[in-house]
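Chemist: Structure file work.txt, compact mmCIF, C-alpha atoms, is pasted below:
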# COMPACT_ATOMS: atom_id res chain seq x y z
CA MET A 1 22.76 -6.53 -5.17
CA THR A 2 19.84 -4.30 -4.15
CA ALA A 3 16.47 -6.10 -4.10
CA ARG A 4 13.89 -4.51 -6.39
CA VAL A 5 10.10 -4.31 -6.13
CA VAL A 6 7.78 -3.29 -8.98
CA CYS A 7 4.40 -1.88 -7.90
CA ALA A 8 1.31 -1.37 -10.07
CA GLY A 9 -1.84 0.50 -9.15
CA ILE A 10 -3.04 3.90 -8.08
CA GLY A 11 -1.14 7.11 -7.34
CA VAL A 12 -3.00 9.97 -5.66
CA LEU A 13 -2.24 13.58 -4.84
CA ASP A 14 -3.24 13.91 -1.15
CA GLN A 15 -4.37 17.19 0.41
CA VAL A 16 -4.22 16.71 4.18
CA TRP A 17 -5.95 19.02 6.68
CA GLU A 18 -4.97 18.70 10.35
CA LEU A 19 -7.84 19.24 12.83
CA PRO A 20 -8.05 18.97 16.64
CA ALA A 21 -10.88 16.45 16.21
CA LEU A 22 -12.66 14.82 13.29
CA PRO A 23 -15.98 16.49 12.42
CA SER A 24 -19.10 14.90 13.88
CA ALA A 25 -21.54 17.05 11.90
CA PRO A 26 -21.64 19.24 8.76
CA GLY A 27 -20.18 22.71 9.25
CA LYS A 28 -17.11 24.91 8.86
CA TYR A 29 -13.90 23.89 10.61
CA ILE A 30 -10.54 25.67 10.94
CA ALA A 31 -7.54 23.47 10.15
CA ALA A 32 -4.35 23.78 12.17
CA GLY A 33 -2.24 22.66 9.23
CA LEU A 34 -2.33 21.73 5.56
CA ARG A 35 0.11 19.74 3.48
CA VAL A 36 0.07 18.39 -0.04
CA THR A 37 1.82 15.06 -0.54
CA GLY A 38 1.78 11.92 -2.62
CA GLY A 39 -0.54 9.03 -1.83
CA GLY A 40 -2.25 6.02 -3.31
CA MET A 41 -1.65 2.40 -2.36
CA ALA A 42 0.82 1.17 -4.95
CA ALA A 43 2.61 4.51 -5.38
CA THR A 44 3.08 4.89 -1.61
CA ALA A 45 4.32 1.32 -1.36
CA ALA A 46 6.89 2.11 -4.05
CA VAL A 47 8.09 5.18 -2.14
CA ALA A 48 8.34 3.09 1.04
CA VAL A 49 10.47 0.49 -0.74
CA ALA A 50 12.88 3.19 -1.92
CA ALA A 51 13.09 4.76 1.56
CA LEU A 52 13.93 1.34 3.01
CA GLY A 53 16.86 0.96 0.65
CA GLY A 54 15.27 -1.17 -2.06
CA GLY A 55 15.10 -0.61 -5.77
CA SER A 56 11.63 0.63 -6.63
CA ALA A 57 9.46 1.17 -9.68
CA TRP A 58 5.82 2.22 -10.07
CA CYS A 59 3.58 1.40 -13.01
CA GLY A 60 0.44 3.49 -13.05
CA ARG A 61 -1.62 6.10 -14.81
CA LEU A 62 -1.69 9.86 -14.32
CA GLY A 63 -3.57 12.63 -16.06
CA ALA A 64 -1.73 15.26 -18.07
CA ASP A 65 -2.56 17.89 -15.45
CA ALA A 66 -0.95 19.82 -12.59
CA ALA A 67 -1.67 17.07 -10.06
CA GLY A 68 -0.01 14.49 -12.32
CA ASP A 69 3.03 16.70 -12.82
CA THR A 70 3.36 17.10 -9.05
CA LEU A 71 3.15 13.35 -8.43
CA LEU A 72 5.57 12.47 -11.22
CA ALA A 73 8.16 14.89 -9.85
CA ALA A 74 7.67 13.65 -6.28
CA LEU A 75 8.13 10.01 -7.28
CA GLY A 76 11.39 10.89 -8.99
CA ARG A 77 12.63 12.82 -5.94
CA HIS A 78 11.91 9.82 -3.73
CA GLY A 79 13.94 7.49 -5.90
CA VAL A 80 11.13 5.61 -7.63
CA ALA A 81 11.68 4.60 -11.26
CA VAL A 82 8.96 6.17 -13.40
CA SER A 83 9.46 4.58 -16.84
CA GLY A 84 6.32 2.47 -16.33
CA ILE A 85 4.02 5.47 -15.89
CA THR A 86 1.43 6.37 -18.53
CA VAL A 87 0.44 10.04 -18.71
CA ALA A 88 -3.00 10.31 -20.34
CA PRO A 89 -3.78 13.45 -22.39
CA GLY A 90 -7.10 14.79 -21.21
CA GLY A 91 -7.05 12.50 -18.18
CA ARG A 92 -7.51 13.63 -14.59
CA THR A 93 -5.10 12.44 -11.89
CA PRO A 94 -6.57 10.80 -8.76
CA THR A 95 -6.82 13.28 -5.88
CA SER A 96 -7.90 12.97 -2.26
CA GLY A 97 -8.94 15.11 0.67
CA VAL A 98 -7.83 13.84 4.09
CA LEU A 99 -8.94 15.11 7.51
CA VAL A 100 -6.59 14.05 10.31
CA ASP A 101 -7.14 14.52 14.06
CA GLY A 102 -4.63 14.88 16.89
CA GLU A 103 -4.45 11.11 17.45
CA GLY A 104 -3.71 10.26 13.84
CA GLU A 105 -7.18 9.01 12.88
CA ARG A 106 -8.55 10.19 9.58
CA ILE A 107 -11.44 10.67 7.20
CA LEU A 108 -10.43 10.09 3.59
CA ALA A 109 -12.30 10.98 0.40
CA VAL A 110 -10.72 9.88 -2.89
CA PHE A 111 -11.48 10.96 -6.44
CA PRO A 112 -10.12 7.98 -8.44
CA GLY A 113 -9.37 10.02 -11.54
CA ALA A 114 -10.98 10.05 -14.97
CA GLY A 115 -9.95 9.36 -18.54
CA LEU A 116 -7.14 7.00 -17.46
CA PRO A 117 -6.62 4.09 -19.90
CA GLU A 118 -7.25 0.59 -18.57
CA ASP A 119 -4.92 -0.86 -21.22
CA ALA A 120 -1.83 1.12 -20.17
CA PRO A 121 1.34 -0.99 -20.38
CA VAL A 122 3.39 -2.72 -17.68
CA PRO A 123 6.93 -2.91 -19.15
CA PRO A 124 8.30 -6.48 -18.85
CA ASP A 125 11.88 -5.18 -18.62
CA LEU A 126 11.08 -3.56 -15.27
CA VAL A 127 9.87 -6.88 -13.86
CA ALA A 128 12.89 -8.73 -15.25
CA GLU A 129 15.04 -6.94 -12.67
CA ALA A 130 12.66 -7.44 -9.73
CA GLY A 131 12.71 -9.74 -6.71
CA ALA A 132 9.00 -9.29 -5.96
CA VAL A 133 5.97 -7.40 -7.25
CA LEU A 134 2.99 -5.70 -5.62
CA ALA A 135 -0.36 -4.51 -6.97
CA ASP A 136 -3.56 -2.96 -5.66
CA PRO A 137 -7.15 -3.40 -6.95
CA ARG A 138 -7.51 0.12 -8.38
CA TRP A 139 -6.06 -0.85 -11.77
CA VAL A 140 -7.24 -4.38 -12.43
CA SER A 141 -5.70 -5.06 -15.83
CA GLY A 142 -2.40 -3.56 -14.69
CA ALA A 143 -2.35 -5.83 -11.65
CA GLU A 144 -3.13 -8.87 -13.78
CA ARG A 145 -0.40 -8.02 -16.28
CA LEU A 146 2.17 -7.48 -13.53
CA PHE A 147 1.24 -10.72 -11.77
CA ALA A 148 1.34 -12.70 -15.04
CA ILE A 149 4.84 -11.46 -15.89
CA ALA A 150 6.04 -12.10 -12.34
CA ALA A 151 4.50 -15.59 -12.20
CA ALA A 152 6.41 -16.56 -15.33
CA GLN A 153 9.62 -15.59 -13.49
CA GLY A 154 8.63 -17.33 -10.25
CA LEU A 155 8.55 -14.08 -8.26
CA PRO A 156 6.52 -13.41 -5.09
CA ARG A 157 3.29 -11.57 -5.96
CA VAL A 158 1.73 -9.41 -3.23
CA LEU A 159 -1.85 -8.15 -3.50
CA ASP A 160 -2.81 -5.13 -1.38
CA ALA A 161 -6.41 -6.32 -0.95
CA ASP A 162 -8.07 -3.07 0.05
CA ILE A 163 -11.69 -1.96 -0.47
CA ALA A 164 -13.05 -3.31 -3.76
CA ALA A 165 -15.91 -5.34 -5.16
CA PRO A 166 -15.69 -8.96 -3.96
CA GLU A 167 -15.40 -10.27 -7.52
CA THR A 168 -12.45 -7.92 -8.13
CA LEU A 169 -10.64 -9.12 -5.02
CA ARG A 170 -11.25 -12.77 -5.91
CA ARG A 171 -10.11 -12.21 -9.48
CA LEU A 172 -6.83 -10.62 -8.44
CA ALA A 173 -6.20 -12.91 -5.45
CA ARG A 174 -6.11 -15.90 -7.80
CA HIS A 175 -3.06 -14.37 -9.48
CA ALA A 176 -1.21 -13.54 -6.23
CA ASP A 177 0.57 -15.82 -3.77
CA HIS A 178 0.54 -13.28 -0.90
CA VAL A 179 -2.84 -11.63 -0.25
CA VAL A 180 -2.77 -9.06 2.55
CA PHE A 181 -6.19 -7.54 3.25
CA SER A 182 -7.05 -4.29 4.91
CA GLN A 183 -9.78 -4.81 7.51
CA ARG A 184 -12.41 -3.28 5.24
CA GLY A 185 -11.11 -5.19 2.23
CA LEU A 186 -11.61 -8.45 4.11
CA VAL A 187 -15.14 -7.37 5.03
CA ASP A 188 -15.83 -6.80 1.33
CA LEU A 189 -14.63 -10.29 0.43
CA ALA A 190 -15.92 -12.34 3.36
CA GLY A 191 -19.05 -10.41 4.32
CA THR A 192 -18.26 -10.31 8.05
CA ASP A 193 -16.66 -7.66 10.27
CA ASP A 194 -15.06 -10.35 12.46
CA PRO A 195 -11.50 -10.47 11.09
CA ARG A 196 -10.79 -13.96 12.43
CA ARG A 197 -13.89 -15.42 10.85
CA GLY A 198 -13.28 -13.39 7.69
CA LEU A 199 -9.73 -14.70 7.34
CA ALA A 200 -10.91 -18.27 7.82
CA LEU A 201 -13.58 -17.78 5.14
CA ALA A 202 -10.98 -16.29 2.78
CA ALA A 203 -8.68 -19.25 3.42
CA ALA A 204 -11.47 -21.64 2.42
CA GLU A 205 -11.46 -20.26 -1.12
CA LEU A 206 -8.01 -18.72 -1.70
CA ARG A 207 -4.52 -20.19 -1.79
CA GLY A 208 -1.18 -18.81 -0.72
CA THR A 209 -0.24 -16.67 2.25
CA LEU A 210 -3.24 -14.74 3.62
CA ALA A 211 -3.31 -11.95 6.22
CA VAL A 212 -5.33 -8.97 7.40
CA THR A 213 -3.89 -5.77 8.86
CA LEU A 214 -5.69 -4.26 11.85
CA GLY A 215 -3.88 -0.98 12.49
CA ALA A 216 -2.73 -0.56 16.09
CA ALA A 217 -3.97 -4.08 16.84
CA GLY A 218 -1.36 -5.56 14.50
CA SER A 219 -2.27 -8.25 11.98
CA LEU A 220 -3.60 -11.79 11.67
CA TRP A 221 -1.96 -14.43 9.47
CA TRP A 222 -3.38 -17.70 8.18
CA ARG A 223 -0.61 -20.25 8.69
CA GLU A 224 -0.88 -24.03 8.47
CA GLY A 225 -4.63 -24.09 8.87
CA GLY A 226 -4.93 -21.62 11.73
CA ILE A 227 -4.69 -17.95 12.69
CA VAL A 228 -1.44 -16.51 14.02
CA PRO A 229 -1.66 -12.99 15.50
CA LEU A 230 1.19 -10.52 15.16
CA PRO A 231 0.94 -7.53 17.52
CA ALA A 232 2.12 -4.06 16.55
CA PRO A 233 4.45 -1.92 18.68
CA ARG A 234 2.81 0.86 20.63
CA VAL A 235 3.48 4.27 19.16
CA ALA A 236 2.02 7.76 19.51
CA ALA A 237 0.35 7.91 16.10
CA ARG A 238 0.47 11.26 14.34
CA ASP A 239 -1.21 10.24 11.07
CA THR A 240 -2.27 6.74 10.01
CA THR A 241 -2.70 7.71 6.34
CA GLY A 242 -0.61 5.42 4.16
CA CYS A 243 0.48 3.07 6.96
CA GLY A 244 -1.13 0.07 5.30
CA ASP A 245 0.59 0.96 2.02
CA VAL A 246 3.94 1.15 3.80
CA PHE A 247 3.21 -2.25 5.37
CA HIS A 248 2.63 -3.81 1.96
CA GLY A 249 5.69 -2.20 0.40
CA ALA A 250 7.96 -3.25 3.27
CA TYR A 251 6.55 -6.77 3.20
CA ALA A 252 7.18 -7.09 -0.55
CA LEU A 253 10.73 -5.76 -0.13
CA ALA A 254 11.50 -8.28 2.61
CA LEU A 255 10.23 -11.09 0.37
CA ALA A 256 12.38 -9.77 -2.47
CA GLU A 257 15.36 -9.99 -0.12
CA GLY A 258 14.57 -13.64 0.60
CA ALA A 259 12.93 -13.29 4.02
CA ALA A 260 10.49 -15.91 5.29
CA VAL A 261 6.87 -14.83 5.75
CA GLU A 262 7.16 -14.40 9.53
CA GLN A 263 10.31 -12.28 9.20
CA ALA A 264 8.79 -10.20 6.40
CA ALA A 265 5.63 -9.61 8.46
CA ARG A 266 7.59 -8.29 11.44
CA PHE A 267 9.66 -6.04 9.19
CA ALA A 268 6.48 -4.65 7.63
CA THR A 269 4.86 -4.16 11.05
CA ALA A 270 7.81 -2.14 12.31
CA ALA A 271 7.88 0.04 9.18
CA ALA A 272 4.14 0.78 9.36
CA ALA A 273 4.32 1.65 13.07
CA LEU A 274 7.14 4.13 12.48
CA LYS A 275 5.19 5.66 9.62
CA ALA A 276 2.17 6.20 11.90
CA GLU A 277 4.41 7.85 14.46
CA ARG A 278 6.00 10.22 11.95
CA GLY A 279 3.10 11.13 9.65
CA GLU A 280 4.16 13.72 7.03
CA GLY A 281 3.07 11.74 3.96
CA TRP A 282 5.84 10.59 1.67
CA ALA A 283 8.31 12.85 3.50
CA GLY A 284 7.78 10.82 6.67
CA MET A 285 8.88 7.42 5.37
CA PRO A 286 11.03 5.47 7.83
CA GLY A 287 14.52 4.47 6.77
CA ARG A 288 16.13 1.06 7.05
CA ALA A 289 18.20 1.88 10.13
CA GLU A 290 15.12 2.98 12.08
CA VAL A 291 13.21 -0.16 11.21
CA ASP A 292 16.15 -2.40 12.07
CA ALA A 293 16.55 -0.61 15.41
CA LEU A 294 12.89 -1.15 16.29
CA LEU A 295 13.14 -4.82 15.34
CA ALA A 296 16.21 -5.18 17.54
CA ARG A 297 14.40 -3.62 20.52
CA GLY A 298 11.35 -5.78 19.95
CA TRP A 299 7.83 -5.23 21.27
With the file now loaded, output its structure as C-alpha cells.

Modeler:
Amino acid sequence: MTARVVCAGIGVLDQVWELPALPSAPGKYIAAGLRVTGGGMAATAAVAVAALGGGSAWCGRLGADAAGDTLLAALGRHGVAVSGITVAPGGRTPTSGVLVDGEGERILAVFPGAGLPEDAPVPPDLVAEAGAVLADPRWVSGAERLFAIAAAQGLPRVLDADIAAPETLRRLARHADHVVFSQRGLVDLAGTDDPRRGLALAAAELRGTLAVTLGAAGSLWWREGGIVPLPAPRVAARDTTGCGDVFHGAYALALAEGAAVEQAARFATAAAALKAERGEGWAGMPGRAEVDALLARGW
C-alpha cells in the first residue's frame, strides 16, 4: 500500500529570473532566463512526496485569480490531491519573485496573499488515509487542525519550522513531534545565529525530534541529549529554491513508510541535494529511483 502524506500550509506561484550574479545594488539587470512554477513550503513538499512515489494531498488556500488557477492545475498535473484546497472569492494567491545566480543561490521576495480565510477547512477524511502529516507556519489554524487530527490517529507530525514569529513557532512546535527548522527559522526561535547553540536552546523547551537544515552543510539533529551532524552530498547546485521544502516532504514520506529518524533524514538529504542539482521548480523534482541510487552510492 502506498504511504500517504497530507500537507497543510502555503502555496505560491513563483516567477524565477536567472542572472549571472545576484544584484549588489539597485539598478536594471538583464535575465538570462525566466520560468513560472509552483512554490510554497507545504505545496512544494506535497509535490515532492508525489514525485517520490507517495500518495500526496495539499490543504491550503488560493485566491480566485489567474495565479490560483495556475497553481491548482499544476498541483493536479503533479499528482497531488486537491480536495482540501479552499479557493477564496476576491482573494489573492501568494506570489513570489526569485532571482537566482549561476551557483544556485537566490534572493526571494514573497507576497503572502490577501483575503485568504484563516478558518478554511482541513478535511478529516484526507488524514484518515495518511501515514504522516506536514505543516508550515504560514497558515497557523490549518497547521493546528491538521496536527490535532493526526495526533488523534497517532500519526507522525512534521513541522517545517521556517521564518516566523517566535511565538508562532513555539505554538505549532507543541503540536508536532518532528520539528525541522530552517537556519533562519531557528534564529527566530532561539535568538542566535549559531545553529548548534540554537538547537540546544530549542531542545531545552521543545519535545520530540528536533533538527535544523543548513543547505550544502547538511543538517544537525538533536538525539539523546546531543547534536548529531548529517552531511549533505556535494552537488553542483543549479537552484536552491524549494530544496528545504523537498527535504521536509521526503522526510515526512519516509516516516509514513515506517523509517527510523536516521534513515528518514538521509533519504530527505539525498532528495534535497538532487533537487538543488536539477533546479527547474516543480518540474525538477527527483524521482524515487534517483534518490535510492544516491543513497546506495553514499557520500

Chemist: At what distance in Å, to one decimal, does CA of Leu19 in chain A lie from CA of Gly104 in chain A?

Modeler: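 Value for the CA of Gly104 in chain A-CA of Leu19 in chain A distance: 9.9 Å.
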
Chemist: Point out the residue among A:Thr95, A:Thr209, A:Ser24, A:Gln15 with the least atom-to-atom distance to Asp177 in chain A, counting only C-alpha atoms.

Modeler: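 When distances to Asp177 in chain A are compared using only C-alpha atoms, the smallest one comes from A:Thr209.
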
Chemist: Using all atoms listed in the file, determine which residues lie at most 10 Å from Gly198 in chain A, disregarding the query and same-chain residues fewer than 2 positions distant; provide the list as a ChimeraX atom specification.

Modeler: /A:183,186-196,200-204,212

Chemist: Given the choices A:Val12, A:Cys59, A:Ala211, A:Ala276, which gets closest to Thr37 in chain A if the distance is worked out from all atoms listed in the file?

Modeler: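 The closest residue to Thr37 in chain A is A:Val12.
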
Chemist: Which of these residues is nearest to Ala264 in chain A, using all atoms listed in the file: A:Phe181, A:Tyr251, A:Phe147, A:Trp17?

Modeler: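 The shortest atom-to-atom distance to Ala264 in chain A comes from A:Tyr251.
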
Chemist: CA of Ser219 in chain A and CA of Ala296 in chain A, how far apart in Å?

Modeler: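 Result for CA of Ala296 in chain A versus CA of Ser219 in chain A: 19.5 Å, one decimal.
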
Chemist: Find the residues around range 106-113 of chain A up to 10 Å (only C-alpha atoms counted), leave out those fewer than 3 positions away in its own chain, and share them as a ChimeraX atom specification.

Modeler: /A:10-19,21-23,40,61-63,91-103,116,138,239-241

Chemist: Tell me which protein, DNA and RNA residues are within 7 Å of Leu210 in chain A, counting all atoms listed in the file, leaving out same-chain ones fewer than 2 positions away, and put them as an MDAnalysis selection string.

Modeler: chainID A and resid 178:180 208 221:222

Chemist: Would you please work out which residue, of A:Asp69, A:Glu205, A:Asp245, A:Glu105, is nearest to Ala135 in chain A when using only C-alpha atoms?

Modeler: A:Asp245

Chemist: Hey, which of A:Ala265, A:Arg77, A:Met1, A:Ala8 ends up closest to Ala150 in chain A? Count all atoms listed in the file.

Modeler: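 Using all atoms listed in the file, the shortest distance to Ala150 in chain A belongs to A:Ala8.
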
Chemist: What does the distance between CA of Trp282 in chain A and CA of Val47 in chain A come to in Å, to one decimal place?

Modeler: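 It comes out at 7.0 Å.
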
Chemist: Go through A:Ala114, A:Ala252, A:Leu274, A:Cys7 one by one, measure the shortest atom-to-atom distance of each to Val127 in chain A using all atoms listed in the file, and give the residue with the smallest value.

Modeler: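 Closest to Val127 in chain A of all the choices is A:Cys7.
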
Chemist: Around the point (-10.9, 28.0, 11.1), in the coordinates given by the file, pick out the residues reaching within 12 Å, counting only C-alpha atoms, and return them as a count of residues only.

Modeler: 12

Chemist: Give as a VMD selection string the set of residues within 12 Å of the point (8.9, -4.4, -5.7), where distances use the file's coordinates and only C-alpha atoms.

Modeler: chain A and resid 2 to 8 42 to 50 52 to 59 80 to 81 126 to 135 146 to 147 150 155 to 159 248 to 257

Chemist: Only N, CA and C atoms, as an mmCIF file, in the first residue's frame: that is what I want for range 78-96 of chain A.

Modeler:
data_model
loop_
_atom_site.group_PDB
_atom_site.id
_atom_site.type_symbol
_atom_site.label_atom_id
_atom_site.label_comp_id
_atom_site.auth_asym_id
_atom_site.auth_seq_id
_atom_site.Cartn_x
_atom_site.Cartn_y
_atom_site.Cartn_z
ATOM 1 N N HIS A 78 0.842 17.243 -11.145
ATOM 2 C CA HIS A 78 1.920 16.580 -10.416
ATOM 3 C C HIS A 78 1.420 15.497 -9.468
ATOM 4 N N GLY A 79 0.151 15.174 -9.539
ATOM 5 C CA GLY A 79 -0.365 14.045 -8.785
ATOM 6 C C GLY A 79 -0.734 14.326 -7.352
ATOM 7 N N VAL A 80 -0.935 15.589 -7.008
ATOM 8 C CA VAL A 80 -1.316 15.968 -5.650
ATOM 9 C C VAL A 80 -2.835 16.069 -5.558
ATOM 10 N N ALA A 81 -3.423 15.423 -4.566
ATOM 11 C CA ALA A 81 -4.869 15.517 -4.349
ATOM 12 C C ALA A 81 -5.227 16.937 -3.905
ATOM 13 N N VAL A 82 -6.260 17.504 -4.486
ATOM 14 C CA VAL A 82 -6.588 18.914 -4.264
ATOM 15 C C VAL A 82 -7.942 19.127 -3.605
ATOM 16 N N SER A 83 -8.545 18.082 -3.056
ATOM 17 C CA SER A 83 -9.880 18.239 -2.457
ATOM 18 C C SER A 83 -9.850 19.062 -1.175
ATOM 19 N N GLY A 84 -8.670 19.257 -0.580
ATOM 20 C CA GLY A 84 -8.564 20.049 0.639
ATOM 21 C C GLY A 84 -8.253 21.517 0.404
ATOM 22 N N ILE A 85 -8.327 21.957 -0.851
ATOM 23 C CA ILE A 85 -7.986 23.341 -1.174
ATOM 24 C C ILE A 85 -9.235 24.219 -1.105
ATOM 25 N N THR A 86 -9.090 25.389 -0.489
ATOM 26 C CA THR A 86 -10.140 26.394 -0.460
ATOM 27 C C THR A 86 -9.783 27.510 -1.427
ATOM 28 N N VAL A 87 -10.672 27.790 -2.373
ATOM 29 C CA VAL A 87 -10.488 28.899 -3.306
ATOM 30 C C VAL A 87 -11.369 30.054 -2.833
ATOM 31 N N ALA A 88 -10.730 31.175 -2.481
ATOM 32 C CA ALA A 88 -11.431 32.290 -1.857
ATOM 33 C C ALA A 88 -11.849 33.326 -2.889
ATOM 34 N N PRO A 89 -13.153 33.548 -3.090
ATOM 35 C CA PRO A 89 -13.592 34.630 -3.986
ATOM 36 C C PRO A 89 -13.056 35.973 -3.489
ATOM 37 N N GLY A 90 -12.483 36.725 -4.393
ATOM 38 C CA GLY A 90 -11.919 38.010 -4.030
ATOM 39 C C GLY A 90 -10.551 37.929 -3.385
ATOM 40 N N GLY A 91 -10.074 36.727 -3.107
ATOM 41 C CA GLY A 91 -8.750 36.558 -2.516
ATOM 42 C C GLY A 91 -7.647 36.661 -3.551
ATOM 43 N N ARG A 92 -6.444 36.920 -3.078
ATOM 44 C CA ARG A 92 -5.266 36.985 -3.958
ATOM 45 C C ARG A 92 -4.291 35.885 -3.579
ATOM 46 N N THR A 93 -3.877 35.097 -4.552
ATOM 47 C CA THR A 93 -2.985 33.961 -4.352
ATOM 48 C C THR A 93 -1.566 34.435 -4.026
ATOM 49 N N PRO A 94 -0.885 33.792 -3.082
ATOM 50 C CA PRO A 94 0.513 34.128 -2.815
ATOM 51 C C PRO A 94 1.373 34.017 -4.074
ATOM 52 N N THR A 95 2.277 34.972 -4.240
ATOM 53 C CA THR A 95 3.131 35.051 -5.427
ATOM 54 C C THR A 95 4.524 35.487 -4.986
ATOM 55 N N SER A 96 5.541 35.001 -5.679
ATOM 56 C CA SER A 96 6.904 35.390 -5.326
ATOM 57 C C SER A 96 7.713 35.759 -6.559
#
